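Dropping upload35.csv in here (CSV, C-alpha atoms):
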```
chain,number,residue,atom,x,y,z
V,1,MET,CA,-42.6,-9.2,22.5
V,2,GLN,CA,-40.3,-12.0,23.6
V,3,ARG,CA,-40.4,-13.4,20.1
V,4,TYR,CA,-39.4,-10.1,18.6
V,5,ARG,CA,-36.5,-9.8,21.0
V,6,TRP,CA,-35.2,-13.3,19.9
V,7,ALA,CA,-35.6,-12.3,16.2
V,8,MET,CA,-33.6,-9.1,16.8
V,9,VAL,CA,-30.8,-11.1,18.6
V,10,ALA,CA,-30.8,-13.6,15.7
V,11,ALA,CA,-30.6,-10.8,13.1
V,12,ALA,CA,-27.8,-9.1,15.0
V,13,PHE,CA,-25.9,-12.5,15.1
V,14,VAL,CA,-26.4,-13.1,11.4
V,15,GLY,CA,-25.3,-9.6,10.7
V,16,SER,CA,-22.1,-9.8,12.8
V,17,VAL,CA,-21.3,-13.2,11.2
V,18,LEU,CA,-21.7,-11.7,7.7
V,19,ILE,CA,-19.6,-8.6,8.6
V,20,SER,CA,-16.8,-10.7,10.2
V,21,GLY,CA,-16.9,-13.1,7.3
V,22,HIS,CA,-16.4,-10.3,4.8
V,23,ALA,CA,-13.5,-8.9,6.8
V,24,SER,CA,-11.8,-12.2,7.2
V,25,SER,CA,-12.3,-13.1,3.5
V,26,GLN,CA,-10.4,-9.9,2.6
V,27,GLU,CA,-7.6,-10.8,5.0
V,28,ASP,CA,-7.3,-14.3,3.6
V,29,ARG,CA,-7.3,-13.2,0.0
V,30,VAL,CA,-4.2,-13.3,-2.1
V,31,PHE,CA,-3.6,-10.7,-4.7
V,32,ASP,CA,-1.5,-11.2,-7.8
V,33,VAL,CA,0.5,-8.1,-8.6
V,34,ARG,CA,2.7,-8.1,-11.7
V,35,VAL,CA,5.7,-5.9,-11.4
V,36,THR,CA,7.8,-5.1,-14.5
V,37,VAL,CA,11.0,-3.2,-14.3
V,38,ALA,CA,12.2,-1.8,-17.6
V,39,GLU,CA,14.5,0.7,-19.2
V,40,ILE,CA,13.6,2.9,-22.1
V,41,SER,CA,16.3,4.5,-24.1
V,42,ASP,CA,17.3,5.8,-27.5
V,43,SER,CA,19.7,2.9,-28.2
V,44,GLU,CA,18.8,0.1,-30.6
V,45,GLY,CA,17.2,-3.0,-29.3
V,46,GLY,CA,13.5,-3.0,-30.0
V,47,VAL,CA,10.7,-3.7,-27.5
V,48,ASP,CA,10.7,-6.7,-25.2
V,49,ALA,CA,7.5,-8.7,-25.9
V,50,ARG,CA,6.8,-9.1,-22.2
V,51,ALA,CA,6.3,-5.3,-21.9
V,52,LYS,CA,4.1,-4.9,-25.0
V,53,ARG,CA,1.2,-3.4,-23.0
V,54,LEU,CA,3.5,-1.0,-21.2
V,55,ASP,CA,5.0,0.0,-24.6
V,56,ASP,CA,1.5,0.6,-26.0
V,57,LYS,CA,0.5,2.8,-23.1
V,58,LEU,CA,3.7,4.9,-23.2
V,59,ARG,CA,3.5,5.4,-27.0
V,60,GLN,CA,-0.1,6.6,-26.7
V,61,GLU,CA,1.3,9.7,-24.9
V,62,LYS,CA,3.2,12.1,-27.1
V,63,PHE,CA,5.6,12.9,-24.3
V,64,PHE,CA,7.5,9.6,-24.6
V,65,LYS,CA,10.0,9.1,-27.4
V,66,TYR,CA,12.4,6.1,-27.3
V,67,ASN,CA,13.8,3.4,-29.5
V,68,SER,CA,14.1,0.5,-27.1
V,69,LEU,CA,12.3,-0.9,-24.1
V,70,ARG,CA,14.3,-3.5,-22.3
V,71,VAL,CA,12.8,-5.6,-19.5
V,72,ILE,CA,15.1,-5.9,-16.5
V,73,GLU,CA,12.8,-7.9,-14.3
V,74,ASP,CA,9.3,-9.2,-14.6
V,75,ARG,CA,7.8,-10.7,-11.5
V,76,ARG,CA,4.5,-11.8,-10.1
V,77,LEU,CA,4.1,-11.0,-6.4
V,78,LYS,CA,1.4,-12.9,-4.5
V,79,LEU,CA,0.5,-10.7,-1.6
V,80,LYS,CA,-2.0,-11.0,1.2
V,81,MET,CA,-3.7,-8.0,2.6
V,82,ASP,CA,-1.2,-5.7,4.4
V,83,GLU,CA,1.7,-7.8,3.3
V,84,VAL,CA,4.6,-5.9,1.8
V,85,GLY,CA,6.1,-7.2,-1.4
V,86,SER,CA,9.4,-5.8,-2.6
V,87,VAL,CA,11.5,-5.8,-5.8
V,88,LYS,CA,15.1,-4.7,-5.8
V,89,LEU,CA,15.7,-2.2,-8.6
V,90,PRO,CA,19.0,-1.7,-10.4
V,91,GLY,CA,21.1,0.5,-8.2
V,92,GLY,CA,19.9,-1.2,-5.1
V,93,ASN,CA,16.8,0.9,-4.2
V,94,MET,CA,13.7,-1.1,-3.3
V,95,PHE,CA,10.3,-0.9,-4.9
V,96,ARG,CA,7.6,-1.9,-2.4
V,97,ILE,CA,3.9,-2.6,-2.7
V,98,ARG,CA,1.3,-3.3,-0.1
V,99,PRO,CA,-2.4,-4.1,-0.6
V,100,LEU,CA,-4.5,-2.3,2.0
V,101,ASN,CA,-8.1,-2.6,1.2
V,102,LEU,CA,-10.4,-4.0,-1.5
V,103,GLY,CA,-13.4,-1.9,-2.3
V,104,ASP,CA,-16.0,-1.4,-5.0
V,105,ARG,CA,-13.6,0.9,-6.9
V,106,GLY,CA,-10.6,-1.5,-6.8
V,107,LEU,CA,-7.7,-2.5,-4.6
V,108,LEU,CA,-6.1,0.2,-2.5
V,109,LEU,CA,-2.3,-0.2,-2.8
V,110,ALA,CA,0.5,1.6,-1.1
V,111,VAL,CA,3.4,1.9,-3.4
V,112,GLY,CA,6.9,3.1,-2.5
V,113,TRP,CA,10.0,3.7,-4.7
V,114,GLU,CA,12.8,4.1,-2.2
V,115,GLY,CA,14.3,7.6,-2.5
V,116,GLU,CA,11.9,8.6,-5.3
V,117,MET,CA,8.3,8.6,-4.4
V,118,MET,CA,5.5,7.1,-2.3
V,119,MET,CA,1.8,6.9,-3.3
V,120,ASP,CA,-1.5,5.3,-2.7
V,121,MET,CA,-3.6,4.2,-5.6
V,122,ARG,CA,-6.9,2.5,-5.9
V,123,ALA,CA,-6.8,0.4,-9.0
V,124,PRO,CA,-9.4,-1.9,-10.6
V,125,SER,CA,-8.1,-5.4,-11.6
V,126,HIS,CA,-5.7,-5.2,-14.6
V,127,HIS,CA,-5.3,-1.4,-14.4
V,128,LEU,CA,-1.7,-0.6,-15.4
V,129,LEU,CA,0.2,1.9,-13.2
V,130,VAL,CA,3.4,3.1,-14.7
V,131,VAL,CA,6.0,5.0,-12.7
V,132,GLY,CA,9.1,6.2,-14.3
V,133,GLY,CA,11.6,8.9,-15.0
V,134,PRO,CA,14.7,8.3,-12.9
V,135,ALA,CA,17.8,8.1,-15.1
V,136,HIS,CA,19.3,4.7,-15.6
V,137,GLY,CA,22.2,3.8,-17.9
V,138,SER,CA,21.7,5.7,-21.1
V,139,GLY,CA,17.9,5.9,-20.6
V,140,GLN,CA,15.3,6.0,-17.9
V,141,LEU,CA,13.9,3.5,-15.5
V,142,VAL,CA,10.2,2.5,-15.7
V,143,VAL,CA,8.3,0.3,-13.3
V,144,SER,CA,4.8,-0.9,-14.1
V,145,ILE,CA,2.4,-2.5,-11.7
V,146,GLN,CA,-0.7,-4.5,-12.6
V,147,PRO,CA,-2.9,-5.9,-9.9
V,148,GLU,CA,-4.9,-9.0,-10.9
V,149,TYR,CA,-7.6,-10.3,-8.7
Q,1,MET,CA,-4.1,-18.4,33.4
Q,2,SER,CA,-1.5,-20.8,34.8
Q,3,SER,CA,0.0,-20.1,38.2
Q,4,GLY,CA,3.6,-20.6,39.1
Q,5,ASP,CA,5.4,-23.2,36.9
Q,6,GLY,CA,2.4,-25.4,36.1
Q,7,ALA,CA,1.5,-26.6,32.7
Q,8,MET,CA,0.7,-23.9,30.1
Q,9,THR,CA,-2.9,-23.6,29.1
Q,10,GLY,CA,-4.2,-22.7,25.6
Q,11,ARG,CA,-5.1,-19.3,27.0
Q,12,ASP,CA,-1.5,-18.8,28.3
Q,13,GLU,CA,-0.2,-19.7,24.8
Q,14,ARG,CA,-2.5,-17.2,23.1
Q,15,ALA,CA,-1.5,-14.5,25.6
Q,16,LEU,CA,2.2,-15.4,25.0
Q,17,HIS,CA,1.9,-15.0,21.3
Q,18,ALA,CA,-0.1,-11.8,21.6
Q,19,TYR,CA,2.5,-10.4,24.0
Q,20,HIS,CA,5.3,-11.4,21.6
Q,21,ASP,CA,3.6,-9.7,18.7
Q,22,GLY,CA,3.1,-6.5,20.7
Q,23,GLU,CA,-0.7,-6.9,20.8
Q,24,LEU,CA,-1.2,-6.8,24.5
Q,25,ARG,CA,-1.9,-3.3,26.0
Q,26,GLY,CA,-2.6,-1.7,29.3
Q,27,PHE,CA,-3.8,-4.0,32.1
Q,28,ARG,CA,-3.5,-7.2,30.1
Q,29,ARG,CA,0.1,-6.4,29.3
Q,30,TRP,CA,0.9,-5.6,32.9
Q,31,ARG,CA,-0.8,-8.7,34.1
Q,32,PHE,CA,1.0,-10.9,31.6
Q,33,GLU,CA,4.4,-9.4,32.4
Q,34,ARG,CA,3.8,-10.1,36.1
Q,35,GLN,CA,3.0,-13.7,35.2
Q,36,LEU,CA,6.1,-13.9,33.0
Q,37,SER,CA,8.3,-12.7,35.8
Q,38,ARG,CA,6.9,-15.4,38.1
Q,39,SER,CA,6.9,-18.4,35.8
Q,40,SER,CA,10.3,-19.8,34.5
Q,41,LYS,CA,8.4,-22.1,32.1
Q,42,LEU,CA,6.6,-19.2,30.5
Q,43,ARG,CA,9.9,-17.3,30.3
Q,44,ALA,CA,11.5,-20.3,28.6
Q,45,GLU,CA,8.6,-20.4,26.1
Q,46,PHE,CA,8.9,-16.7,25.4
Q,47,GLU,CA,12.6,-17.0,24.8
Q,48,SER,CA,12.2,-19.9,22.4
Q,49,LEU,CA,9.5,-18.0,20.5
Q,50,ARG,CA,11.8,-15.0,20.3
Q,51,ASP,CA,14.6,-17.3,19.0
Q,52,LEU,CA,12.3,-18.7,16.4
Q,53,SER,CA,11.3,-15.3,15.1
Q,54,ARG,CA,14.9,-14.3,15.0
Q,55,TRP,CA,15.8,-17.4,13.0
Q,56,ALA,CA,12.9,-16.9,10.6
Q,57,ARG,CA,14.0,-13.2,10.1
Q,58,ASP,CA,17.6,-14.2,9.5
Q,59,SER,CA,16.8,-16.9,7.0
Q,60,GLU,CA,14.3,-14.8,5.1
Q,61,PRO,CA,15.5,-14.7,1.4
Q,62,GLU,CA,13.9,-11.3,0.6
Q,63,PRO,CA,15.4,-8.1,2.1
Q,64,ALA,CA,13.6,-7.4,5.3
Q,65,VAL,CA,11.2,-4.5,5.3
Q,66,ASP,CA,12.0,-2.3,8.2
Q,67,LEU,CA,9.4,-1.0,10.6
Q,68,TRP,CA,9.4,2.5,9.2
Q,69,ASP,CA,8.7,1.3,5.7
Q,70,ARG,CA,5.7,-0.7,7.0
Q,71,ILE,CA,4.4,2.3,8.8
Q,72,ALA,CA,5.2,4.8,6.0
Q,73,LEU,CA,3.4,2.6,3.5
Q,74,ARG,CA,0.4,2.6,5.8
Q,75,LEU,CA,0.1,6.2,7.1
Q,76,PRO,CA,-0.8,8.0,3.8
Q,77,ALA,CA,-3.3,5.2,3.0
Q,78,ILE,CA,-5.2,6.0,6.2
Q,79,ASP,CA,-5.7,9.6,5.0
Q,80,ALA,CA,-6.6,8.3,1.5
Q,81,GLU,CA,-9.2,6.0,2.9
Q,82,ARG,CA,-10.6,8.9,5.0
Q,83,ALA,CA,-10.7,11.1,1.9
Q,84,GLU,CA,-12.4,8.4,-0.1
Q,85,ALA,CA,-15.0,8.1,2.7
Q,86,ARG,CA,-15.5,11.8,2.7
Q,87,SER,CA,-16.0,11.9,-1.1
Q,88,SER,CA,-18.5,9.0,-1.2
Q,89,PRO,CA,-22.0,9.9,-2.1
Q,90,GLY,CA,-24.2,10.4,1.0
Q,91,LEU,CA,-21.3,11.5,3.2
Q,92,TRP,CA,-21.7,15.2,2.5
Q,93,MET,CA,-23.7,15.5,5.7
Q,94,GLY,CA,-24.1,19.0,7.0
Q,95,TYR,CA,-23.2,20.5,3.6
Q,96,SER,CA,-25.4,21.0,0.6
Q,97,ARG,CA,-24.4,19.2,-2.5
Q,98,PRO,CA,-24.4,22.3,-4.8
Q,99,LEU,CA,-22.1,24.1,-2.3
Q,100,ALA,CA,-19.7,21.1,-2.2
Q,101,ALA,CA,-19.7,20.9,-6.0
Q,102,LEU,CA,-18.9,24.6,-6.2
Q,103,ALA,CA,-16.0,24.2,-3.8
Q,104,LEU,CA,-14.7,21.2,-5.8
Q,105,THR,CA,-15.0,23.2,-9.1
Q,106,ALA,CA,-13.1,26.1,-7.5
Q,107,ALA,CA,-10.4,23.8,-6.2
Q,108,LEU,CA,-10.0,22.2,-9.7
Q,109,ALA,CA,-9.9,25.6,-11.4
Q,110,LEU,CA,-7.1,26.7,-9.0
Q,111,ALA,CA,-5.2,23.5,-9.6
Q,112,LEU,CA,-5.4,24.0,-13.4
Q,113,PHE,CA,-4.4,27.7,-13.0
Q,114,LEU,CA,-1.3,26.6,-11.0
Q,115,GLY,CA,-0.3,24.4,-13.9
Q,116,ILE,CA,1.8,21.2,-13.6
Q,117,ILE,CA,1.4,19.2,-10.4
Q,118,GLN,CA,4.3,19.8,-8.0
Q,119,GLY,CA,5.6,16.9,-5.9
Q,120,GLY,CA,5.9,16.8,-2.2
Q,121,GLY,CA,2.4,15.9,-1.2
Q,122,SER,CA,0.3,16.5,-4.3
Q,123,SER,CA,-2.7,14.4,-5.3
Q,124,THR,CA,-4.8,13.7,-8.4
Q,125,PRO,CA,-8.3,12.5,-8.7
Q,126,GLY,CA,-9.0,9.0,-10.0
Q,127,ILE,CA,-6.6,6.2,-9.5
Q,128,ILE,CA,-4.0,8.0,-7.4
Q,129,ARG,CA,-5.2,8.9,-3.9
Q,130,TRP,CA,-2.0,10.3,-2.5
Q,131,LEU,CA,1.4,11.1,-3.9
Q,132,ASP,CA,4.6,12.3,-2.3
Q,133,THR,CA,7.8,12.8,-4.4
Q,134,GLY,CA,9.8,14.8,-1.8
Q,135,GLY,CA,9.4,18.1,-3.5
Q,136,ARG,CA,10.2,16.8,-7.0
Q,137,SER,CA,8.0,17.8,-10.0
Q,138,VAL,CA,5.9,15.0,-11.3
Q,139,MET,CA,3.6,14.6,-14.3
Q,140,VAL,CA,0.5,12.4,-13.9
Q,141,LEU,CA,-1.2,11.2,-17.1
Q,142,ASN,CA,-4.6,9.8,-16.3
Q,143,ASP,CA,-6.4,10.1,-19.6
Q,144,GLN,CA,-6.3,6.4,-20.5
Q,145,SER,CA,-9.1,4.4,-19.0
Q,146,ASP,CA,-7.0,1.4,-18.1
Q,147,ALA,CA,-3.6,3.0,-17.4
Q,148,THR,CA,-2.1,5.7,-15.2
Q,149,ILE,CA,1.4,7.1,-15.8
Q,150,VAL,CA,3.3,8.9,-13.1
Q,151,TRP,CA,6.5,10.4,-14.5
Q,152,LEU,CA,9.1,11.9,-12.2
Q,153,LEU,CA,10.8,15.0,-13.7
Q,154,GLY,CA,14.3,16.1,-12.9
Q,155,SER,CA,16.4,14.9,-9.9
Q,156,PRO,CA,15.3,14.4,-6.4
Q,157,GLN,CA,15.7,17.6,-4.3
Q,158,LYS,CA,18.7,17.6,-1.9
Q,159,GLY,CA,17.7,17.0,1.7
Q,160,ALA,CA,14.1,16.2,0.8
Q,161,SER,CA,12.7,13.0,2.2
Q,162,VAL,CA,10.0,10.9,0.6
Q,163,GLY,CA,7.3,9.8,2.9
Q,164,GLY,CA,6.7,13.0,4.9
Q,165,ALA,CA,3.5,14.8,5.2
Q,166,GLY,CA,1.3,14.6,2.1
Q,167,ALA,CA,-2.1,15.4,1.0
Q,168,ALA,CA,-4.9,13.1,0.3
Q,169,VAL,CA,-7.7,13.8,-2.2
```
Written as structure tokens, that's how I'd like the structure from this file.
Amino acid sequence: MQRYRWAMVAAAFVGSVLISGHASSQEDRVFDVRVTVAEISDSEGGVDARAKRLDDKLRQEKFFKYNSLRVIEDRRLKLKMDEVGSVKLPGGNMFRIRPLNLGDRGLLLAVGWEGEMMMDMRAPSHHLLVVGGPAHGSGQLVVSIQPEY
Amino acid sequence: MSSGDGAMTGRDERALHAYHDGELRGFRRWRFERQLSRSSKLRAEFESLRDLSRWARDSEPEPAVDLWDRIALRLPAIDAERAEARSSPGLWMGYSRPLAALALTAALALALFLGIIQGGGSSTPGIIRWLDTGGRSVMVLNDQSDATIVWLLGSPQKGASVGGAGAAV
């Protein structure tokens, strides 16, 4: 009986070490989040090569018709769990991203576009999230987020 | 813990940092504040820690994220995580799966009947767990397997604030 008790204690210890190890490995992990800020418009200018994937995804939807896609900013944020990364958008509003949890179905991110929207998304690695619509110059502002981990 | 103005122990230091970060609660907080009021050395350490954080904050190159933003970017996610947990297989305890499936089908049919998703706390299945556009209409295109497009339509509504009460899936 005594032997079983020790075995149970050892199993509980190993279990707690594994659980705490999993939690701390999530906390220590750094996530790459690529943020591209662009403007689509009917003016001439073509498509910026840095935003080719964004352009492909938009053109697959019939809703979007534009002549040019100009990249205003293209950044890679390195974020730890719960760390807020921010990108200043044209006009001064902030675009913020915060990794919250990594699960089987992807990385849970809180995303906020100051004055426009807030959302939570769970995205697998390399999934492209595109948020756009607000007027900017002669076109519309588009922000794409791509977590890589 | 140290008494009076004696040398600080590692435990004191940990308590000092926890207090500075707002992590001490209840009795532990009360006990530490009492110790802080009695020890000038501890107070000096606390002041220098505060100065250091102030300096770090002032010299930060990126615009500082205010407290509300940090909270606002966290609160909806808590609902989203709960909703995810509720929708995971095996968590339909107390409800029969066919009944749950029927309810889900009815909800989806109602959503389709109502047409385009309206902002201000709407949600879509799949990648997006929670969405708040402050009452503004939004189009969510989720039909590509490796991309999701969220398109804000029109202008933001006057007086509407983003980050209020929203709904999770």
### Query
Could you list, as a ChimeraX atom specification, every residue of chain Q that has an atom within 6 Å of an atom of chain V, counting only C-alpha atoms?
/Q:73,77,127-133,146-152,162
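Taking CA of Val47 (chain V) and CA of Glu148 (chain V) as endpoints, the distance between them is 23.4 Å.
If all atoms listed in the file are the atoms counted, then among V:Leu89, V:Gln140, V:Arg75, V:Met8 the closest residue to Gly154 (chain Q) is V:Gln140.
Separating CA of Ala51 (chain V) from CA of Val140 (chain Q) is a distance of 20.3 Å.
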### Task
Give the answer as one residue: which of V:Pro147, V:Gly139, V:Gly46, V:Pro90 has the shortest atom-to-atom distance to Glu73 (chain V), using all atoms listed in the file?
V:Pro90
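For the pair CA of Tyr19 (chain Q) and CA of Leu52 (chain Q), the interatomic distance is 14.9 Å.
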